[in-house]
>>> print(open('upload.cif').read())   # mmCIF, C-alpha atoms and all ligand atoms
data_final
#
loop_
_atom_site.label_atom_id
_atom_site.label_comp_id
_atom_site.auth_asym_id
_atom_site.auth_seq_id
_atom_site.Cartn_x
_atom_site.Cartn_y
_atom_site.Cartn_z
CA MET A 1 -23.22 -154.73 -256.56
CA LYS A 2 -25.17 -151.48 -256.37
CA ILE A 3 -28.63 -151.55 -257.85
CA THR A 4 -30.85 -148.56 -258.59
CA ILE A 5 -34.57 -149.10 -258.97
CA LEU A 6 -36.45 -146.24 -260.61
CA SER A 7 -39.92 -146.26 -259.13
CA ARG A 8 -42.38 -143.70 -257.81
CA SER A 9 -42.32 -145.31 -254.36
CA ALA A 10 -40.49 -148.00 -252.43
CA SER A 11 -43.82 -149.15 -251.02
CA ILE A 12 -45.23 -150.30 -254.38
CA PRO A 13 -45.47 -154.09 -253.92
CA SER A 14 -43.44 -155.03 -257.02
CA THR A 15 -40.76 -152.49 -256.11
CA ARG A 16 -40.66 -153.85 -252.59
CA ARG A 17 -40.16 -157.37 -253.90
CA LEU A 18 -37.26 -156.25 -256.08
CA VAL A 19 -35.63 -154.54 -253.10
CA GLU A 20 -36.10 -157.67 -250.98
CA ALA A 21 -34.70 -159.94 -253.69
CA ALA A 22 -31.71 -157.66 -254.26
CA ARG A 23 -30.88 -157.63 -250.53
CA ALA A 24 -31.39 -161.37 -250.27
CA ARG A 25 -28.74 -161.80 -252.95
CA GLY A 26 -26.34 -159.55 -251.06
CA HIS A 27 -26.65 -156.34 -253.09
CA ARG A 28 -27.01 -152.72 -252.10
CA VAL A 29 -30.16 -151.23 -253.49
CA ARG A 30 -31.73 -147.77 -253.64
CA VAL A 31 -35.12 -146.72 -254.93
CA LEU A 32 -35.18 -143.38 -256.72
CA ASP A 33 -38.32 -141.58 -257.75
CA PRO A 34 -37.62 -140.86 -261.43
CA VAL A 35 -39.22 -137.43 -261.35
CA LYS A 36 -36.85 -136.36 -258.59
CA VAL A 37 -33.82 -137.17 -260.73
CA GLU A 38 -32.31 -134.16 -262.49
CA MET A 39 -30.24 -134.41 -265.65
CA HIS A 40 -27.48 -132.30 -267.14
CA LEU A 41 -26.08 -132.57 -270.64
CA ASP A 42 -23.39 -130.37 -272.14
CA GLY A 43 -22.29 -132.08 -275.30
CA ARG A 44 -19.55 -134.03 -273.55
CA SER A 45 -21.02 -135.69 -270.53
CA ALA A 46 -24.35 -136.78 -269.14
CA ASN A 47 -24.76 -136.10 -265.44
CA LEU A 48 -27.35 -137.17 -262.94
CA TYR A 49 -28.53 -135.53 -259.73
CA TYR A 50 -31.09 -136.46 -257.14
CA ARG A 51 -32.63 -133.52 -255.41
CA ARG A 52 -29.67 -131.45 -256.61
CA LYS A 53 -27.01 -133.76 -255.21
CA ARG A 54 -24.81 -135.60 -257.65
CA LEU A 55 -25.87 -139.24 -257.81
CA ARG A 56 -23.44 -141.83 -256.62
CA PRO A 57 -22.67 -144.43 -259.30
CA SER A 58 -24.72 -147.56 -259.71
CA ASP A 59 -23.87 -150.85 -261.41
CA VAL A 60 -27.27 -151.44 -262.92
CA VAL A 61 -30.65 -149.73 -263.21
CA ILE A 62 -34.03 -151.42 -263.08
CA PRO A 63 -36.66 -149.00 -264.36
CA ARG A 64 -40.22 -149.38 -263.17
CA ILE A 65 -41.47 -146.21 -264.83
CA ALA A 66 -45.13 -145.43 -264.20
CA GLN A 67 -47.11 -144.71 -267.34
CA SER A 68 -48.08 -141.32 -265.89
CA VAL A 69 -44.45 -140.12 -265.91
CA SER A 70 -43.34 -142.10 -268.94
CA ASN A 71 -41.66 -139.30 -270.91
CA TYR A 72 -39.69 -137.90 -268.01
CA GLY A 73 -38.87 -141.34 -266.66
CA LEU A 74 -37.57 -142.58 -269.99
CA ALA A 75 -35.29 -139.55 -270.28
CA VAL A 76 -33.83 -140.57 -266.91
CA VAL A 77 -33.35 -144.16 -268.11
CA THR A 78 -31.55 -142.89 -271.22
CA GLN A 79 -29.33 -140.64 -269.11
CA PHE A 80 -28.16 -143.68 -267.11
CA ALA A 81 -27.57 -145.56 -270.34
CA LEU A 82 -25.44 -142.66 -271.62
CA ARG A 83 -23.30 -143.15 -268.54
CA LYS A 84 -22.82 -146.76 -269.66
CA VAL A 85 -24.87 -148.15 -266.82
CA PRO A 86 -26.72 -151.30 -267.92
CA VAL A 87 -30.47 -150.68 -267.81
CA MET A 88 -33.09 -153.36 -267.83
CA ASN A 89 -35.24 -152.37 -269.73
CA SER A 90 -33.93 -149.74 -272.13
CA ALA A 91 -35.90 -146.56 -272.78
CA THR A 92 -36.38 -147.49 -276.44
CA ALA A 93 -37.76 -150.89 -275.55
CA ILE A 94 -40.13 -149.49 -272.93
CA ALA A 95 -41.39 -146.84 -275.35
CA GLN A 96 -41.92 -149.48 -278.01
CA ALA A 97 -43.83 -151.74 -275.66
CA ARG A 98 -46.03 -148.85 -274.54
CA ASN A 99 -46.97 -148.00 -278.08
CA LYS A 100 -49.48 -150.73 -278.91
CA MET A 101 -49.52 -150.16 -282.66
CA ARG A 102 -45.75 -150.02 -282.84
CA SER A 103 -45.31 -153.26 -280.94
CA LEU A 104 -47.92 -154.98 -283.08
CA GLN A 105 -46.07 -153.73 -286.17
CA LEU A 106 -42.77 -155.11 -284.88
CA LEU A 107 -44.32 -158.47 -284.03
CA SER A 108 -46.29 -158.76 -287.25
CA ALA A 109 -43.26 -157.88 -289.38
CA ALA A 110 -41.41 -160.77 -287.78
CA GLY A 111 -44.22 -163.20 -288.44
CA ILE A 112 -45.50 -163.40 -284.85
CA GLY A 113 -49.21 -164.14 -284.61
CA ILE A 114 -51.30 -161.15 -283.50
CA PRO A 115 -55.04 -160.47 -283.52
CA SER A 116 -55.94 -158.84 -286.83
CA THR A 117 -55.81 -155.05 -286.26
CA VAL A 118 -56.72 -151.93 -288.22
CA MET A 119 -55.85 -148.30 -287.57
CA ALA A 120 -57.25 -145.17 -289.20
CA ARG A 121 -58.07 -141.62 -288.19
CA ASP A 122 -61.58 -141.48 -289.58
CA ALA A 123 -64.64 -143.20 -288.11
CA ALA A 124 -66.23 -143.99 -291.51
CA ASP A 125 -62.96 -145.50 -292.80
CA LEU A 126 -62.58 -147.60 -289.69
CA LYS A 127 -66.16 -148.81 -289.87
CA ALA A 128 -65.56 -149.89 -293.44
CA MET A 129 -62.35 -151.68 -292.42
CA VAL A 130 -64.07 -153.79 -289.75
CA SER A 131 -64.57 -156.54 -292.33
CA LEU A 132 -60.77 -156.83 -292.54
CA VAL A 133 -60.65 -157.97 -288.92
CA GLY A 134 -63.55 -160.38 -289.32
CA GLY A 135 -66.52 -158.12 -288.54
CA VAL A 136 -68.20 -157.39 -285.19
CA PRO A 137 -67.72 -157.97 -282.36
CA VAL A 138 -64.46 -156.06 -282.30
CA LEU A 139 -62.27 -154.60 -279.63
CA VAL A 140 -61.58 -150.88 -279.71
CA LYS A 141 -58.33 -149.94 -278.01
CA ILE A 142 -57.57 -146.33 -277.23
CA LEU A 143 -53.88 -145.65 -277.64
CA GLN A 144 -53.41 -142.36 -275.85
CA GLY A 145 -53.69 -141.40 -272.28
CA GLN A 146 -51.52 -141.06 -269.24
CA ASP A 147 -52.77 -144.21 -267.65
CA LYS A 148 -53.61 -147.59 -269.07
CA ALA A 149 -55.48 -146.69 -272.18
CA GLY A 150 -58.68 -148.68 -272.09
CA VAL A 151 -60.43 -151.15 -274.30
CA MET A 152 -64.07 -151.71 -275.18
CA VAL A 153 -65.96 -154.41 -276.96
CA CYS A 154 -68.36 -153.26 -279.68
CA GLU A 155 -70.96 -155.84 -280.61
CA SER A 156 -72.73 -153.98 -283.39
CA LEU A 157 -71.74 -151.61 -286.15
CA GLN A 158 -73.96 -148.92 -284.63
CA SER A 159 -72.28 -149.07 -281.24
CA LEU A 160 -68.91 -149.17 -282.95
CA GLU A 161 -69.64 -146.05 -284.96
CA ALA A 162 -70.74 -144.15 -281.87
CA ALA A 163 -67.65 -145.24 -279.93
CA LEU A 164 -65.29 -144.37 -282.79
CA GLU A 165 -66.78 -140.93 -283.29
CA ALA A 166 -66.59 -140.16 -279.59
CA ILE A 167 -62.97 -141.30 -279.21
CA LEU A 168 -61.67 -139.80 -282.44
CA GLY A 169 -63.60 -136.62 -281.63
CA LEU A 170 -61.48 -136.29 -278.50
CA GLY A 171 -58.39 -136.47 -280.68
CA HIS A 172 -57.27 -139.89 -279.48
CA ASN A 173 -55.72 -142.52 -281.69
CA LEU A 174 -57.22 -145.96 -281.60
CA VAL A 175 -56.99 -149.37 -283.17
CA VAL A 176 -59.82 -151.76 -283.92
CA GLN A 177 -58.96 -155.36 -283.31
CA GLN A 178 -60.40 -158.77 -283.97
CA TYR A 179 -62.15 -159.74 -280.75
CA VAL A 180 -60.99 -163.17 -279.75
CA ARG A 181 -64.12 -164.75 -278.35
CA LYS A 182 -65.06 -167.70 -276.21
CA THR A 183 -62.06 -167.77 -273.97
CA GLY A 184 -62.82 -165.43 -271.06
CA HIS A 185 -59.18 -165.86 -270.21
CA ASP A 186 -55.83 -165.02 -271.64
CA VAL A 187 -52.28 -166.15 -271.00
CA ARG A 188 -49.43 -164.13 -269.54
CA ILE A 189 -45.87 -165.35 -269.85
CA MET A 190 -43.09 -163.66 -267.95
CA VAL A 191 -39.86 -163.45 -269.86
CA VAL A 192 -36.63 -162.50 -268.11
CA GLY A 193 -33.35 -162.34 -269.99
CA GLY A 194 -34.72 -164.26 -272.95
CA GLU A 195 -36.25 -167.06 -270.91
CA ALA A 196 -39.87 -167.80 -270.14
CA VAL A 197 -39.75 -168.06 -266.35
CA ALA A 198 -43.43 -168.30 -265.40
CA ALA A 199 -46.86 -168.46 -267.00
CA VAL A 200 -50.42 -167.94 -265.86
CA ARG A 201 -53.89 -168.05 -267.22
CA ARG A 202 -55.80 -164.90 -266.32
CA ARG A 203 -59.51 -165.24 -265.80
CA ALA A 204 -61.88 -162.29 -265.48
CA ARG A 205 -63.29 -162.02 -262.00
CA ALA A 206 -66.87 -163.26 -261.80
CA GLY A 207 -69.37 -160.46 -262.19
CA ARG A 208 -67.13 -158.31 -264.29
CA LEU A 209 -69.27 -156.57 -266.79
CA SER A 210 -66.65 -156.38 -269.46
CA HIS A 211 -65.68 -159.23 -271.73
CA THR A 212 -62.09 -158.33 -271.17
CA LEU A 213 -59.88 -158.91 -268.20
CA ILE A 214 -57.96 -155.82 -267.26
CA ARG A 215 -57.71 -155.52 -263.48
CA GLY A 216 -58.67 -157.92 -260.74
CA ALA A 217 -58.25 -161.01 -262.86
CA LYS A 218 -57.73 -164.36 -261.17
CA LEU A 219 -54.42 -165.95 -261.99
CA GLN A 220 -53.78 -169.62 -262.30
CA LYS A 221 -50.41 -171.21 -262.90
CA ILE A 222 -50.05 -173.04 -266.21
CA GLU A 223 -47.40 -174.92 -268.07
CA PRO A 224 -47.14 -173.02 -271.35
CA THR A 225 -47.07 -174.94 -274.61
CA ALA A 226 -43.83 -174.94 -276.55
CA ALA A 227 -45.43 -172.61 -279.10
CA GLN A 228 -46.52 -170.15 -276.40
CA ARG A 229 -43.13 -170.21 -274.77
CA GLN A 230 -41.33 -169.64 -278.03
CA ILE A 231 -43.59 -166.82 -279.18
CA ALA A 232 -43.29 -165.05 -275.81
CA VAL A 233 -39.50 -165.18 -275.85
CA GLU A 234 -39.43 -163.97 -279.43
CA ALA A 235 -41.89 -161.14 -278.76
CA ALA A 236 -39.84 -159.86 -275.81
CA LYS A 237 -36.72 -159.97 -277.93
CA LEU A 238 -38.32 -158.13 -280.85
CA VAL A 239 -39.52 -155.32 -278.61
CA GLY A 240 -36.08 -155.32 -276.99
CA LEU A 241 -37.15 -156.08 -273.43
CA GLU A 242 -35.01 -157.84 -270.83
CA VAL A 243 -38.05 -158.11 -268.57
CA ALA A 244 -41.44 -158.53 -270.19
CA ALA A 245 -44.86 -159.92 -269.59
CA VAL A 246 -46.15 -161.16 -272.92
CA ASP A 247 -49.93 -161.41 -273.11
CA LEU A 248 -51.54 -163.69 -275.63
CA LEU A 249 -54.75 -165.37 -276.63
CA ASP A 250 -55.08 -168.74 -278.26
CA VAL A 251 -56.93 -168.84 -281.54
CA LYS A 252 -57.50 -172.47 -282.50
CA GLY A 253 -54.27 -173.53 -280.88
CA ALA A 254 -52.23 -170.69 -282.39
CA PRO A 255 -51.02 -168.11 -279.91
CA LYS A 256 -51.70 -164.47 -280.82
CA VAL A 257 -49.79 -161.82 -278.89
CA PHE A 258 -51.85 -158.72 -278.14
CA GLU A 259 -49.62 -156.87 -275.70
CA VAL A 260 -46.06 -156.83 -274.40
CA ASN A 261 -45.69 -155.16 -271.00
CA SER A 262 -42.43 -153.62 -269.86
CA SER A 263 -43.12 -153.09 -266.13
CA PRO A 264 -45.36 -155.99 -265.23
CA SER A 265 -46.68 -156.41 -261.74
CA LEU A 266 -44.70 -159.15 -260.01
CA THR A 267 -46.52 -159.96 -256.81
CA GLU A 268 -49.74 -161.53 -258.08
CA MET A 269 -47.85 -163.71 -260.50
CA GLU A 270 -45.34 -164.77 -257.85
CA LYS A 271 -48.21 -165.74 -255.58
CA ALA A 272 -49.95 -167.71 -258.32
CA THR A 273 -46.90 -169.55 -259.60
CA GLY A 274 -44.55 -169.75 -256.63
CA VAL A 275 -41.77 -168.50 -258.89
CA ASP A 276 -39.39 -165.92 -257.42
CA LEU A 277 -39.72 -163.44 -260.28
CA ALA A 278 -37.98 -160.63 -258.43
CA GLY A 279 -35.06 -162.99 -257.76
CA ALA A 280 -34.96 -163.93 -261.45
CA ILE A 281 -34.79 -160.25 -262.42
CA ILE A 282 -31.97 -159.57 -259.97
CA ALA A 283 -30.11 -162.65 -261.20
CA ARG A 284 -30.40 -161.32 -264.74
CA ALA A 285 -29.13 -157.94 -263.55
CA GLU A 286 -26.07 -159.70 -262.13
CA ALA A 287 -25.46 -161.39 -265.47
CA LEU A 288 -25.82 -158.12 -267.38
CA VAL A 289 -23.35 -156.36 -265.12
CA ALA A 290 -20.88 -159.21 -265.52
CA GLU A 291 -21.37 -159.03 -269.28
CA SER A 292 -20.88 -155.26 -269.37
CA ARG A 293 -17.58 -155.64 -267.55
CA ARG A 294 -16.29 -158.51 -269.61
CA PRO A 295 -15.36 -156.71 -272.87
CA ALA A 296 -13.26 -154.21 -270.93
CA ARG A 297 -11.36 -157.00 -269.22
CA ALA A 298 -11.11 -159.14 -272.34
CA SER A 299 -9.96 -156.30 -274.58
CA PRO A 300 -6.25 -156.38 -275.34
CA ARG A 301 -4.01 -154.23 -273.20
CA PRO A 302 -2.61 -151.15 -274.90
CA ALA A 303 0.20 -152.40 -277.06
CA MET A 304 3.58 -152.13 -275.41
CA LYS A 305 6.35 -150.68 -277.47
CA GLU A 306 8.07 -153.56 -279.12
CA THR A 307 11.67 -153.91 -278.28
CA PRO A 308 13.76 -154.65 -281.32
N1 LIG B 1 -58.03 -159.09 -279.41
C1 LIG B 1 -58.57 -159.36 -278.22
N2 LIG B 1 -59.64 -160.17 -278.10
C2 LIG B 1 -60.21 -160.42 -276.90
N3 LIG B 1 -59.77 -159.91 -275.73
C3 LIG B 1 -58.70 -159.09 -275.78
C4 LIG B 1 -58.03 -158.78 -277.01
N4 LIG B 1 -57.03 -157.93 -276.75
C5 LIG B 1 -57.05 -157.71 -275.43
N5 LIG B 1 -58.05 -158.41 -274.83
C6 LIG B 1 -58.39 -158.41 -273.40
O1 LIG B 1 -58.49 -157.05 -272.98
C7 LIG B 1 -57.58 -156.78 -271.92
C8 LIG B 1 -56.95 -155.41 -272.09
O2 LIG B 1 -56.26 -155.33 -273.32
P1 LIG B 1 -54.76 -154.83 -273.43
O3 LIG B 1 -54.38 -154.81 -274.86
O4 LIG B 1 -53.91 -155.62 -272.52
O5 LIG B 1 -54.89 -153.32 -272.94
P2 LIG B 1 -54.40 -152.59 -271.60
O6 LIG B 1 -53.56 -153.54 -270.80
O7 LIG B 1 -53.64 -151.43 -272.13
O8 LIG B 1 -55.67 -152.21 -270.93
C9 LIG B 1 -56.59 -157.91 -271.95
O9 LIG B 1 -56.15 -158.24 -270.68
C10 LIG B 1 -57.29 -159.06 -272.62
O10 LIG B 1 -57.85 -159.95 -271.69
MG MG B 2 -52.82 -155.37 -270.76
#
>>> encode(input="upload.cif", output="structure tokens")
Amino acid sequence: MKITILSRSASIPSTRRLVEAARARGHRVRVLDPVKVEMHLDGRSANLYYRRKRLRPSDVVIPRIAQSVSNYGLAVVTQFALRKVPVMNSATAIAQARNKMRSLQLLSAAGIGIPSTVMARDAADLKAMVSLVGGVPVLVKILQGQDKAGVMVCESLQSLEAALEAILGLGHNLVVQQYVRKTGHDVRIMVVGGEAVAAVRRRARAGRLSHTLIRGAKLQKIEPTAAQRQIAVEAAKLVGLEVAAVDLLDVKGAPKVFEVNSSPSLTEMEKATGVDLAGAIIARAEALVAESRRPARASPRPAMKETP
């Protein structure tokens, strides 16, 4: 089959792995930079061009849309979907995953454990609401921004107030979250097509100032508990993601999901676990394409005129 990967560059390691895995499974694959895709709509059809040439059809699209071009990239993903090309993940699901408050709302509404979280637009209100999340220390998460938003731990009410005023003063939205202490590590579970395919514990690299992990964490393969596995699969499903990395922290044995990622890095996790994640994603793409073709084949033929 013909696979299109939407990615800023074919040399990004995760993109390269997807290309390799697709070729290894006998598919044709092209990598398109989403911002070089042009779209045309006219009320009847949705057309796609790449550098002004009409795009040749594709059987499936795997978006790896960088946060910095999220809006444009998601429009491209939607345009493919309008052409009835299966996309994994959908634009709606990616947008939901990228909106931290929205994903927490979806998860919480379905009874999935999350760290207690408050959101408000006023520093004094937020400071007063800190008791709702168990008091300091808390984690402040900035929601806006082109790149990964950023988190900071505030140990005292004074430092919290200063941080809130600075961030809100810049016009950014933020949430204040219960800071899950002790651990120094979190758990990431990769979910592909509704199945937990790999799991790691992420440990902050020694010497990191921050209490949080973010980049450069050390990954260690783990066997997730049944509860972790179940919550990860459910979280991916609620956000609507075919491919997701579900990040969680354990609070007294109960997993709490704090983020669902729609374009997770594949290479580090493949190295840590030995699982062929790119291969799993391509296998799921094959299944989706087969599924998308099935209803057409299974649907009854146009009724023949009955002969009396
Ligand atoms: N409630 C929390 N308590 C403690 N640590 C957290 C909590 N939420 C997130 N972290 C840590 O902070 C890191 C960054 O948070 P995350 O929500 O993933 O933001 P982003 O990936 O957008 O930077 C996570 O990898 C995790 O280790
Ligand atoms: Mg994260």
>>> atom_distance(input="upload.cif", atom1="atom CA of Asn47 of chain A", atom2="atom CA of Thr15 of chain A")
24.7 Å
>>> residues_around(input="upload.cif", residues="Ser70 of chain A", least_positions_apart="2", cutoff="12 Å", atoms="all atoms listed in the file", output="JSON, numbers by chain")
{"A": [6, 7, 8, 34, 35, 63, 64, 65, 66, 67, 68, 72, 73, 74, 75, 76, 77, 91, 92, 94, 95, 96, 97, 98, 99, 145, 146, 147, 148, 262, 263]}
>>> residues_near_ligand(input="upload.cif", ligand="ligand MG 2 (chain B)", cutoff="12 Å", atoms="all atoms listed in the file", output="ChimeraX atom specification")
/A:97-100,141,143,147-151,186-188,202,212-217,244-249,257-265
>>> residues_around(input="upload.cif", residues="Val37 of chain A", least_positions_apart="2", cutoff="7 Å", atoms="only C-alpha atoms", output="number ranges by chain")
A: 33-35, 39, 48-51
>>> residues_around(input="upload.cif", residues="Pro224 of chain A", least_positions_apart="5", cutoff="10 Å", atoms="only C-alpha atoms", output="VMD selection string")
chain A and resid 187 to 189 196 198 to 201 229 to 230 232
>>> atom_distance(input="upload.cif", atom1="atom CA of Gln144 of chain A", atom2="atom O3 of ligand LIG 1 (chain B)")
12.5 Å
>>> atom_distance(input="upload.cif", atom1="atom CA of His40 of chain A", atom2="atom CA of Val69 of chain A")
18.7 Å
>>> closest_residue(input="upload.cif", among="A:Lys237, A:Arg293, A:Lys218, A:His27", to="ligand LIG 1 (chain B)", atoms="only C-alpha atoms and all ligand atoms")
A:Lys218
>>> closest_residue(input="upload.cif", among="A:Lys53, A:Lys256, A:Arg294, A:Lys127", to="Ala227 of chain A", atoms="only C-alpha atoms")
A:Lys256
>>> closest_residue(input="upload.cif", among="A:Val239, A:Ala272, A:Ala109, A:Ala290", to="Gly194 of chain A", atoms="all atoms listed in the file")
A:Val239
>>> closest_residue(input="upload.cif", among="A:Ser156, A:Thr4, A:Pro13, A:Leu241", to="Leu55 of chain A", atoms="only C-alpha atoms")
A:Thr4
>>> residues_around(input="upload.cif", residues="Ala278 of chain A", least_positions_apart="6", cutoff="9 Å", atoms="all atoms listed in the file", output="compact mmCIF listing (two decimals) with C-alpha atoms, keeping the file's coordinate frame")
# COMPACT_ATOMS: atom_id res chain seq x y z
CA SER A 14 -43.44 -155.03 -257.02
CA THR A 15 -40.76 -152.49 -256.11
CA ARG A 17 -40.16 -157.37 -253.90
CA LEU A 18 -37.26 -156.25 -256.08
CA VAL A 19 -35.63 -154.54 -253.10
CA GLU A 20 -36.10 -157.67 -250.98
CA ALA A 21 -34.70 -159.94 -253.69
CA ALA A 22 -31.71 -157.66 -254.26
CA LEU A 266 -44.70 -159.15 -260.01
CA THR A 267 -46.52 -159.96 -256.81
CA GLU A 270 -45.34 -164.77 -257.85
>>> closest_residue(input="upload.cif", among="A:Ala285, A:Val133, A:Ala163, A:Leu277", to="ligand LIG 1 (chain B)", atoms="only C-alpha atoms and all ligand atoms")
A:Val133
>>> closest_residue(input="upload.cif", among="A:Gln178, A:Gln105, A:Lys252, A:Ile167", to="Gly134 of chain A", atoms="all atoms listed in the file")
A:Gln178
>>> residues_around(input="upload.cif", residues="Arg83 of chain A", least_positions_apart="2", cutoff="10 Å", atoms="only C-alpha atoms", output="PyMOL selection string")
chain A and resi 45-48+57-58+78-81+85-86
>>> decode(input="upload.cif", residues="segment 120-145 of chain A", atoms="N, CA and C atoms", output="PDB file, in the first residue's frame")
ATOM      1  N   ALA A 120      -7.777  28.794  36.405  1.00  0.00           N
ATOM      2  CA  ALA A 120      -8.446  30.091  36.583  1.00  0.00           C
ATOM      3  C   ALA A 120      -7.607  31.124  35.857  1.00  0.00           C
ATOM      4  N   ARG A 121      -8.180  32.318  35.678  1.00  0.00           N
ATOM      5  CA  ARG A 121      -7.464  33.348  34.922  1.00  0.00           C
ATOM      6  C   ARG A 121      -6.889  34.425  35.833  1.00  0.00           C
ATOM      7  N   ASP A 122      -7.062  34.254  37.134  1.00  0.00           N
ATOM      8  CA  ASP A 122      -6.637  35.297  38.049  1.00  0.00           C
ATOM      9  C   ASP A 122      -5.709  34.705  39.103  1.00  0.00           C
ATOM     10  N   ALA A 123      -4.568  35.368  39.328  1.00  0.00           N
ATOM     11  CA  ALA A 123      -3.551  34.829  40.236  1.00  0.00           C
ATOM     12  C   ALA A 123      -4.093  34.643  41.650  1.00  0.00           C
ATOM     13  N   ALA A 124      -4.867  35.628  42.157  1.00  0.00           N
ATOM     14  CA  ALA A 124      -5.387  35.547  43.527  1.00  0.00           C
ATOM     15  C   ALA A 124      -6.363  34.378  43.661  1.00  0.00           C
ATOM     16  N   ASP A 125      -7.199  34.189  42.618  1.00  0.00           N
ATOM     17  CA  ASP A 125      -8.154  33.063  42.647  1.00  0.00           C
ATOM     18  C   ASP A 125      -7.398  31.743  42.671  1.00  0.00           C
ATOM     19  N   LEU A 126      -6.403  31.657  41.825  1.00  0.00           N
ATOM     20  CA  LEU A 126      -5.632  30.407  41.733  1.00  0.00           C
ATOM     21  C   LEU A 126      -4.932  30.107  43.051  1.00  0.00           C
ATOM     22  N   LYS A 127      -4.368  31.146  43.639  1.00  0.00           N
ATOM     23  CA  LYS A 127      -3.654  30.960  44.907  1.00  0.00           C
ATOM     24  C   LYS A 127      -4.618  30.413  45.967  1.00  0.00           C
ATOM     25  N   ALA A 128      -5.828  30.948  45.937  1.00  0.00           N
ATOM     26  CA  ALA A 128      -6.827  30.492  46.908  1.00  0.00           C
ATOM     27  C   ALA A 128      -7.261  29.057  46.614  1.00  0.00           C
ATOM     28  N   MET A 129      -7.171  28.652  45.353  1.00  0.00           N
ATOM     29  CA  MET A 129      -7.642  27.310  44.971  1.00  0.00           C
ATOM     30  C   MET A 129      -6.594  26.220  45.192  1.00  0.00           C
ATOM     31  N   VAL A 130      -5.379  26.635  45.584  1.00  0.00           N
ATOM     32  CA  VAL A 130      -4.305  25.661  45.764  1.00  0.00           C
ATOM     33  C   VAL A 130      -4.679  24.602  46.802  1.00  0.00           C
ATOM     34  N   SER A 131      -5.493  25.002  47.774  1.00  0.00           N
ATOM     35  CA  SER A 131      -5.903  24.020  48.797  1.00  0.00           C
ATOM     36  C   SER A 131      -6.696  22.883  48.161  1.00  0.00           C
ATOM     37  N   LEU A 132      -7.387  23.176  47.063  1.00  0.00           N
ATOM     38  CA  LEU A 132      -8.187  22.142  46.389  1.00  0.00           C
ATOM     39  C   LEU A 132      -7.306  21.028  45.823  1.00  0.00           C
ATOM     40  N   VAL A 133      -6.067  21.367  45.493  1.00  0.00           N
ATOM     41  CA  VAL A 133      -5.182  20.336  44.934  1.00  0.00           C
ATOM     42  C   VAL A 133      -4.189  19.836  45.990  1.00  0.00           C
ATOM     43  N   GLY A 134      -4.477  20.139  47.252  1.00  0.00           N
ATOM     44  CA  GLY A 134      -3.665  19.582  48.320  1.00  0.00           C
ATOM     45  C   GLY A 134      -2.555  20.490  48.825  1.00  0.00           C
ATOM     46  N   GLY A 135      -2.543  21.744  48.418  1.00  0.00           N
ATOM     47  CA  GLY A 135      -1.545  22.699  48.903  1.00  0.00           C
ATOM     48  C   GLY A 135      -0.203  22.547  48.220  1.00  0.00           C
ATOM     49  N   VAL A 136       0.756  23.434  48.583  1.00  0.00           N
ATOM     50  CA  VAL A 136       2.088  23.379  47.956  1.00  0.00           C
ATOM     51  C   VAL A 136       2.840  22.148  48.455  1.00  0.00           C
ATOM     52  N   PRO A 137       3.809  21.608  47.724  1.00  0.00           N
ATOM     53  CA  PRO A 137       4.194  22.067  46.388  1.00  0.00           C
ATOM     54  C   PRO A 137       3.157  21.713  45.313  1.00  0.00           C
ATOM     55  N   VAL A 138       3.134  22.556  44.298  1.00  0.00           N
ATOM     56  CA  VAL A 138       2.241  22.292  43.165  1.00  0.00           C
ATOM     57  C   VAL A 138       3.043  22.425  41.880  1.00  0.00           C
ATOM     58  N   LEU A 139       2.438  21.938  40.818  1.00  0.00           N
ATOM     59  CA  LEU A 139       3.067  22.055  39.518  1.00  0.00           C
ATOM     60  C   LEU A 139       2.268  23.074  38.718  1.00  0.00           C
ATOM     61  N   VAL A 140       2.957  24.055  38.159  1.00  0.00           N
ATOM     62  CA  VAL A 140       2.290  25.023  37.296  1.00  0.00           C
ATOM     63  C   VAL A 140       2.604  24.620  35.863  1.00  0.00           C
ATOM     64  N   LYS A 141       1.572  24.445  35.079  1.00  0.00           N
ATOM     65  CA  LYS A 141       1.769  24.066  33.674  1.00  0.00           C
ATOM     66  C   LYS A 141       1.218  25.159  32.778  1.00  0.00           C
ATOM     67  N   ILE A 142       2.089  25.694  31.955  1.00  0.00           N
ATOM     68  CA  ILE A 142       1.665  26.722  31.007  1.00  0.00           C
ATOM     69  C   ILE A 142       1.055  26.015  29.813  1.00  0.00           C
ATOM     70  N   LEU A 143      -0.093  26.509  29.368  1.00  0.00           N
ATOM     71  CA  LEU A 143      -0.811  25.784  28.314  1.00  0.00           C
ATOM     72  C   LEU A 143      -0.518  26.287  26.916  1.00  0.00           C
ATOM     73  N   GLN A 144      -0.100  27.541  26.805  1.00  0.00           N
ATOM     74  CA  GLN A 144       0.111  28.080  25.460  1.00  0.00           C
ATOM     75  C   GLN A 144       1.506  27.815  24.950  1.00  0.00           C
ATOM     76  N   GLY A 145       1.747  28.334  23.803  1.00  0.00           N
ATOM     77  CA  GLY A 145       3.116  28.301  23.298  1.00  0.00           C
ATOM     78  C   GLY A 145       3.225  27.434  22.080  1.00  0.00           C
TER      79      GLY A 145
END
